[in-house]
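Printed here is my_file-v1.cif (mmCIF, C-alpha atoms and all ligand atoms):
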```cif
data_upload
#
loop_
_atom_site.group_PDB
_atom_site.id
_atom_site.type_symbol
_atom_site.label_atom_id
_atom_site.label_comp_id
_atom_site.auth_asym_id
_atom_site.auth_seq_id
_atom_site.Cartn_x
_atom_site.Cartn_y
_atom_site.Cartn_z
ATOM 1 C CA MET A 1 -156.868 154.141 167.797
ATOM 2 C CA HIS A 2 -157.995 157.751 167.235
ATOM 3 C CA LYS A 3 -161.717 158.041 166.687
ATOM 4 C CA ILE A 4 -162.857 161.247 165.008
ATOM 5 C CA ALA A 5 -166.265 162.931 165.118
ATOM 6 C CA ILE A 6 -166.830 165.244 162.148
ATOM 7 C CA PHE A 7 -169.370 168.061 162.622
ATOM 8 C CA ALA A 8 -170.772 169.240 159.309
ATOM 9 C CA SER A 9 -173.989 170.835 158.176
ATOM 10 C CA GLY A 10 -173.388 171.734 154.564
ATOM 11 C CA THR A 11 -172.503 169.846 151.434
ATOM 12 C CA GLY A 12 -169.921 167.846 153.299
ATOM 13 C CA SER A 13 -167.223 167.969 150.640
ATOM 14 C CA ASN A 14 -164.520 168.330 153.307
ATOM 15 C CA ALA A 15 -166.087 165.561 155.382
ATOM 16 C CA ALA A 16 -166.072 163.337 152.287
ATOM 17 C CA LYS A 17 -162.374 164.043 151.678
ATOM 18 C CA ILE A 18 -161.514 163.282 155.298
ATOM 19 C CA ILE A 19 -163.529 160.034 155.239
ATOM 20 C CA GLU A 20 -161.805 158.993 152.027
ATOM 21 C CA HIS A 21 -158.370 159.847 153.397
ATOM 22 C CA PHE A 22 -158.774 157.722 156.539
ATOM 23 C CA LYS A 23 -160.547 154.764 154.945
ATOM 24 C CA ASP A 24 -158.511 151.681 155.918
ATOM 25 C CA HIS A 25 -156.137 153.779 158.048
ATOM 26 C CA PRO A 26 -154.654 151.551 160.762
ATOM 27 C CA ALA A 27 -154.783 154.118 163.581
ATOM 28 C CA ILE A 28 -157.345 156.791 162.681
ATOM 29 C CA GLN A 29 -161.034 156.234 162.071
ATOM 30 C CA VAL A 30 -163.929 158.589 161.284
ATOM 31 C CA ALA A 31 -166.397 157.163 163.804
ATOM 32 C CA VAL A 32 -169.398 159.498 163.601
ATOM 33 C CA ILE A 33 -170.825 162.449 161.673
ATOM 34 C CA VAL A 34 -172.741 165.084 163.620
ATOM 35 C CA SER A 35 -175.054 167.516 161.862
ATOM 36 C CA ASN A 36 -177.632 170.061 162.940
ATOM 37 C CA LYS A 37 -179.664 169.572 159.761
ATOM 38 C CA ASN A 38 -181.538 166.344 159.162
ATOM 39 C CA LYS A 39 -181.409 166.862 155.407
ATOM 40 C CA ALA A 40 -177.752 167.857 155.161
ATOM 41 C CA PRO A 41 -176.123 166.152 152.148
ATOM 42 C CA VAL A 42 -173.275 165.137 154.449
ATOM 43 C CA LEU A 43 -175.600 162.547 156.030
ATOM 44 C CA GLN A 44 -175.716 160.746 152.668
ATOM 45 C CA VAL A 45 -171.935 160.752 152.584
ATOM 46 C CA ALA A 46 -171.961 159.176 156.058
ATOM 47 C CA SER A 47 -174.468 156.456 155.256
ATOM 48 C CA SER A 48 -172.817 155.514 151.971
ATOM 49 C CA ASN A 49 -169.609 154.999 153.937
ATOM 50 C CA ASN A 50 -171.354 153.050 156.730
ATOM 51 C CA ILE A 51 -170.537 155.755 159.267
ATOM 52 C CA PRO A 52 -173.183 156.424 161.918
ATOM 53 C CA SER A 53 -174.553 159.938 162.214
ATOM 54 C CA ILE A 54 -176.167 162.033 164.913
ATOM 55 C CA VAL A 55 -178.567 164.883 164.121
ATOM 56 C CA ILE A 56 -178.544 167.337 166.984
ATOM 57 C CA ASP A 57 -181.073 170.067 167.748
ATOM 58 C CA LYS A 58 -180.138 173.377 169.279
ATOM 59 C CA GLU A 59 -181.701 172.829 172.679
ATOM 60 C CA ARG A 60 -180.092 169.418 173.213
ATOM 61 C CA PHE A 61 -176.758 170.788 171.963
ATOM 62 C CA TYR A 62 -176.640 173.753 174.356
ATOM 63 C CA THR A 63 -178.477 172.521 177.447
ATOM 64 C CA THR A 64 -177.635 168.822 177.826
ATOM 65 C CA SER A 65 -174.642 166.487 177.881
ATOM 66 C CA THR A 66 -176.209 163.844 175.648
ATOM 67 C CA LEU A 67 -173.716 164.424 172.844
ATOM 68 C CA ILE A 68 -170.767 164.025 175.219
ATOM 69 C CA GLU A 69 -172.361 160.847 176.579
ATOM 70 C CA SER A 70 -172.729 159.469 173.046
ATOM 71 C CA PHE A 71 -169.113 160.366 172.343
ATOM 72 C CA GLU A 72 -167.985 158.521 175.485
ATOM 73 C CA LYS A 73 -169.801 155.393 174.308
ATOM 74 C CA LEU A 74 -168.261 155.730 170.846
ATOM 75 C CA GLU A 75 -164.834 156.480 172.423
ATOM 76 C CA ILE A 76 -164.421 159.678 170.386
ATOM 77 C CA THR A 77 -160.977 161.213 170.918
ATOM 78 C CA PHE A 78 -160.951 164.122 168.444
ATOM 79 C CA ILE A 79 -163.489 166.508 166.890
ATOM 80 C CA VAL A 80 -163.257 168.096 163.451
ATOM 81 C CA LEU A 81 -165.565 170.935 162.399
ATOM 82 C CA ALA A 82 -165.995 170.985 158.633
ATOM 83 C CA GLY A 83 -168.685 173.486 157.729
ATOM 84 C CA PHE A 84 -170.422 173.562 161.114
ATOM 85 C CA LEU A 85 -171.763 176.980 162.031
ATOM 86 C CA TRP A 86 -172.929 176.826 165.640
ATOM 87 C CA LEU A 87 -170.713 178.035 168.441
ATOM 88 C CA ILE A 88 -169.382 175.023 170.382
ATOM 89 C CA PRO A 89 -170.780 174.924 173.939
ATOM 90 C CA GLN A 90 -168.430 175.359 176.880
ATOM 91 C CA ARG A 91 -168.997 171.837 178.243
ATOM 92 C CA LEU A 92 -167.883 170.269 174.949
ATOM 93 C CA ILE A 93 -164.812 172.518 174.802
ATOM 94 C CA GLU A 94 -163.888 171.473 178.333
ATOM 95 C CA ALA A 95 -164.426 167.780 177.615
ATOM 96 C CA TYR A 96 -162.265 168.010 174.475
ATOM 97 C CA ARG A 97 -159.785 170.765 175.312
ATOM 98 C CA ASN A 98 -157.307 171.227 172.419
ATOM 99 C CA LYS A 99 -158.933 168.308 170.659
ATOM 100 C CA ILE A 100 -161.393 170.297 168.528
ATOM 101 C CA ILE A 101 -160.291 171.893 165.278
ATOM 102 C CA ASN A 102 -162.088 173.912 162.609
ATOM 103 C CA VAL A 103 -161.482 174.857 159.012
ATOM 104 C CA HIS A 104 -162.291 178.436 158.027
ATOM 105 C CA PRO A 105 -162.334 179.744 154.438
ATOM 106 C CA SER A 106 -160.157 182.838 154.910
ATOM 107 C CA LEU A 107 -156.762 183.850 156.209
ATOM 108 C CA LEU A 108 -157.731 184.417 159.849
ATOM 109 C CA PRO A 109 -157.795 186.752 161.721
ATOM 110 C CA LYS A 110 -159.161 188.435 158.599
ATOM 111 C CA PHE A 111 -162.792 187.721 157.704
ATOM 112 C CA GLY A 112 -163.641 185.664 160.775
ATOM 113 C CA GLY A 113 -166.286 185.903 163.494
ATOM 114 C CA LYS A 114 -170.019 185.384 163.749
ATOM 115 C CA GLY A 115 -171.798 185.540 160.388
ATOM 116 C CA MET A 116 -168.556 185.044 158.484
ATOM 117 C CA TYR A 117 -169.053 181.682 156.843
ATOM 118 C CA GLY A 118 -169.216 180.197 153.383
ATOM 119 C CA MET A 119 -169.985 182.653 150.570
ATOM 120 C CA ASN A 120 -170.304 185.581 153.021
ATOM 121 C CA VAL A 121 -166.560 185.308 153.537
ATOM 122 C CA HIS A 122 -165.704 185.194 149.841
ATOM 123 C CA ARG A 123 -168.017 188.124 149.019
ATOM 124 C CA ALA A 124 -166.414 190.181 151.798
ATOM 125 C CA VAL A 125 -162.929 189.291 150.577
ATOM 126 C CA LYS A 126 -163.864 190.380 147.048
ATOM 127 C CA ALA A 127 -165.516 193.609 148.251
ATOM 128 C CA ALA A 128 -162.416 194.497 150.276
ATOM 129 C CA GLY A 129 -160.241 194.196 147.149
ATOM 130 C CA GLU A 130 -157.934 191.655 148.772
ATOM 131 C CA THR A 131 -155.068 190.386 146.620
ATOM 132 C CA LYS A 132 -154.894 187.036 148.383
ATOM 133 C CA THR A 133 -157.068 184.744 150.437
ATOM 134 C CA GLY A 134 -156.905 181.189 151.678
ATOM 135 C CA MET A 135 -157.905 178.771 154.401
ATOM 136 C CA THR A 136 -157.098 178.421 158.071
ATOM 137 C CA ILE A 137 -157.156 175.377 160.325
ATOM 138 C CA HIS A 138 -157.307 176.341 163.996
ATOM 139 C CA TYR A 139 -158.137 175.044 167.460
ATOM 140 C CA VAL A 140 -161.635 175.847 168.648
ATOM 141 C CA ASN A 141 -162.268 177.843 171.786
ATOM 142 C CA GLU A 142 -165.352 179.600 173.137
ATOM 143 C CA HIS A 143 -165.139 182.437 170.572
ATOM 144 C CA TYR A 144 -165.827 182.166 166.859
ATOM 145 C CA ASP A 145 -162.628 181.705 164.819
ATOM 146 C CA GLU A 146 -160.246 182.843 167.575
ATOM 147 C CA GLY A 147 -158.435 179.669 168.664
ATOM 148 C CA LYS A 148 -154.735 179.100 168.021
ATOM 149 C CA ILE A 149 -153.867 178.800 164.329
ATOM 150 C CA ILE A 150 -152.447 175.429 163.272
ATOM 151 C CA PHE A 151 -152.069 175.816 159.514
ATOM 152 C CA GLN A 152 -152.803 178.257 156.677
ATOM 153 C CA ALA A 153 -152.579 177.982 152.901
ATOM 154 C CA GLN A 154 -153.086 180.889 150.538
ATOM 155 C CA THR A 155 -153.987 181.662 146.952
ATOM 156 C CA LEU A 156 -153.656 184.883 144.963
ATOM 157 C CA ILE A 157 -156.780 186.700 143.803
ATOM 158 C CA ASP A 158 -157.002 187.966 140.290
ATOM 159 C CA GLN A 159 -159.205 191.102 140.186
ATOM 160 C CA ALA A 160 -161.406 189.443 137.529
ATOM 161 C CA GLN A 161 -162.246 186.517 139.823
ATOM 162 C CA SER A 162 -165.805 186.288 141.130
ATOM 163 C CA PRO A 163 -166.610 185.320 144.744
ATOM 164 C CA GLU A 164 -167.703 181.910 143.381
ATOM 165 C CA GLU A 165 -164.323 181.405 141.724
ATOM 166 C CA ILE A 166 -162.561 182.463 144.904
ATOM 167 C CA ALA A 167 -164.704 179.940 146.833
ATOM 168 C CA ARG A 168 -163.688 177.143 144.472
ATOM 169 C CA LYS A 169 -159.989 177.952 144.881
ATOM 170 C CA VAL A 170 -160.275 178.022 148.670
ATOM 171 C CA GLN A 171 -162.174 174.726 148.731
ATOM 172 C CA GLU A 172 -159.440 173.131 146.640
ATOM 173 C CA LEU A 173 -156.940 174.213 149.283
ATOM 174 C CA GLU A 174 -159.162 172.831 152.041
ATOM 175 C CA HIS A 175 -159.530 169.466 150.307
ATOM 176 C CA GLU A 176 -155.813 169.252 149.671
ATOM 177 C CA HIS A 177 -154.645 170.143 153.164
ATOM 178 C CA PHE A 178 -157.304 169.419 155.788
ATOM 179 C CA PRO A 179 -157.045 165.582 155.882
ATOM 180 C CA VAL A 180 -153.234 165.711 155.889
ATOM 181 C CA VAL A 181 -153.121 168.272 158.704
ATOM 182 C CA ILE A 182 -155.512 166.139 160.793
ATOM 183 C CA GLU A 183 -153.294 163.116 160.258
ATOM 184 C CA ARG A 184 -150.189 165.085 161.229
ATOM 185 C CA LEU A 185 -151.834 166.386 164.419
ATOM 186 C CA LEU A 186 -152.946 162.910 165.467
ATOM 187 C CA LYS A 187 -149.484 161.497 164.929
ATOM 188 C CA GLU A 188 -147.824 164.066 167.200
HETATM 189 C C1 LIG A 201 -165.923 175.142 153.991
HETATM 190 O O1 LIG A 201 -165.428 175.971 152.977
HETATM 191 C C2 LIG A 201 -165.521 175.692 155.345
HETATM 192 O O2 LIG A 201 -164.308 176.389 155.324
HETATM 193 C C3 LIG A 201 -166.665 176.605 155.656
HETATM 194 O O3 LIG A 201 -167.808 175.935 155.188
HETATM 195 C C4 LIG A 201 -167.446 175.187 154.029
HETATM 196 C C5 LIG A 201 -168.070 173.806 154.110
HETATM 197 O O4 LIG A 201 -167.983 173.165 152.879
HETATM 198 N N1 LIG A 201 -166.730 176.889 157.055
HETATM 199 C C6 LIG A 201 -167.047 178.077 157.545
HETATM 200 O O5 LIG A 201 -167.362 179.017 156.851
HETATM 201 C C7 LIG A 201 -166.992 178.160 159.073
HETATM 202 N N2 LIG A 201 -167.043 179.523 159.505
HETATM 203 P P1 LIG A 201 -168.273 171.616 152.754
HETATM 204 O O6 LIG A 201 -169.606 171.348 153.442
HETATM 205 O O7 LIG A 201 -168.351 171.352 151.281
HETATM 206 O O8 LIG A 201 -167.144 170.874 153.412
#
```

Output the structure of this file as structure tokens.
Ligand code: GAR
Amino acid sequence: MHKIAIFASGTGSNAAKIIEHFKDHPAIQVAVIVSNKNKAPVLQVASSNNIPSIVIDKERFYTTSTLIESFEKLEITFIVLAGFLWLIPQRLIEAYRNKIINVHPSLLPKFGGKGMYGMNVHRAVKAAGETKTGMTIHYVNEHYDEGKIIFQAQTLIDQAQSPEEIARKVQELEHEHFPVVIERLLKE
């Protein structure tokens, strides 16, 4: 059995799609949601699906191993970042080497790095006059958005599109592909 921890701090629409996709799956289970915000809407998604959640503060996240210890108890085998903005600490990367993936709302390596998240990305894409954008799923290493790319999907940008419209298109791609890519990776 693969047991996934999803890290999310925003709306949690990707987390919700992943939870829905693996509901009743015989070999893959979303076992815990981790958030750094105690009011993140994603925590509602977790509780309405009877999935436990952990709210982590910055100091505990960066200076202790308590999260890893909780994951050992829960037998977590894979970590999915879905709208989680903190850099992953070295000890967690070592404990889960090549078992942490992230979704990013651009065609990396373009529009990645610290500060490039959510609407900031889509505004930058629009300002640069890009003709296409998309989403990237990649392994997580100790640098923001630099791990090996696993999957990308793209969409064309019409010059009349606003950053909000671009965001909606990219989220559609994320919802369509992220759960399926996770399933494929865990079957390999
Ligand atoms: C997603 O679009 C994801 O690509 C982005 O945050 C959004 C979370 O949406 N992640 C980043 O920008 C990471 N740098 P959600 O909470 O509705 O799933």

Could you list, as number ranges by chain, all protein and nucleic acid residues with an atom at most 6 Å from ligand LIG 201 (chain A), counting all atoms listed in the file?
A: 10-15, 82-83, 85, 103-105, 116-118, 171

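Picked out by the PyMOL selection byres (((chain A and resi 152-154) around 9) and not hetatm) when it runs on this file: Ser106, Leu107, Leu108, Lys132, Thr133, Gly134, Met135, Thr136, Ile137, His138, Ile149, Ile150, Phe151, Thr155, Leu156, Val170, Leu173, Glu174 and His177 of chain A.
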
Please produce a file of the residues just selected, as a PDB file, in the frame of the given file, where the atoms kept are C-alpha atoms.
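What ended up in again-v4.pdb:
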```pdb
ATOM      1  CA  SER A 106    -160.157 182.838 154.910  1.00  0.00           C
ATOM      2  CA  LEU A 107    -156.762 183.850 156.209  1.00  0.00           C
ATOM      3  CA  LEU A 108    -157.731 184.417 159.849  1.00  0.00           C
ATOM      4  CA  LYS A 132    -154.894 187.036 148.383  1.00  0.00           C
ATOM      5  CA  THR A 133    -157.068 184.744 150.437  1.00  0.00           C
ATOM      6  CA  GLY A 134    -156.905 181.189 151.678  1.00  0.00           C
ATOM      7  CA  MET A 135    -157.905 178.771 154.401  1.00  0.00           C
ATOM      8  CA  THR A 136    -157.098 178.421 158.071  1.00  0.00           C
ATOM      9  CA  ILE A 137    -157.156 175.377 160.325  1.00  0.00           C
ATOM     10  CA  HIS A 138    -157.307 176.341 163.996  1.00  0.00           C
ATOM     11  CA  ILE A 149    -153.867 178.800 164.329  1.00  0.00           C
ATOM     12  CA  ILE A 150    -152.447 175.429 163.272  1.00  0.00           C
ATOM     13  CA  PHE A 151    -152.069 175.816 159.514  1.00  0.00           C
ATOM     14  CA  THR A 155    -153.987 181.662 146.952  1.00  0.00           C
ATOM     15  CA  LEU A 156    -153.656 184.883 144.963  1.00  0.00           C
ATOM     16  CA  VAL A 170    -160.275 178.022 148.670  1.00  0.00           C
ATOM     17  CA  LEU A 173    -156.940 174.213 149.283  1.00  0.00           C
ATOM     18  CA  GLU A 174    -159.162 172.831 152.041  1.00  0.00           C
ATOM     19  CA  HIS A 177    -154.645 170.143 153.164  1.00  0.00           C
TER      20      HIS A 177
END
```

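With all atoms listed in the file as the atoms that count, the minimum distance from Tyr62 (chain A) to the choices A:Met119, A:Leu81, A:Ile88, A:Ile93 is reached by A:Ile88.
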
Students should find that CA of Lys58 (chain A) and CA of Ile4 (chain A) are spaced 21.5 Å

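The gap separating CA of Glu176 (chain A) from CA of Val125 (chain A) is 21.3 Å, in Å to one decimal.
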
Practice prompt. Write out as a PyMOL selection string the residues lying within 7 Å of region 159-166 of chain A, counting only C-alpha atoms and excluding same-chain residues fewer than 4 positions away.
Written response: chain A and resi 122-123+126+170

Prev. selection, C-alpha atoms, output as a CSV table (one decimal), in the frame of the given file:
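Output below, filename again32.csv:
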```
chain,number,residue,atom,x,y,z
A,122,HIS,CA,-165.7,185.2,149.8
A,123,ARG,CA,-168.0,188.1,149.0
A,126,LYS,CA,-163.9,190.4,147.0
A,170,VAL,CA,-160.3,178.0,148.7
```

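Using all atoms listed in the file, the protein and nucleic acid residues lying no more than 6 Å from Ile6 (chain A), apart from those fewer than 4 places from it along its own chain, are Ile33, Ile79, Val80 and Leu81 of chain A.
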
Written as a PyMOL selection string, which residues does the PyMOL selection byres (((chain A and resi 87) around 8) and not hetatm) give for the file shown? chain A and resi 85-86+88-89+142-144
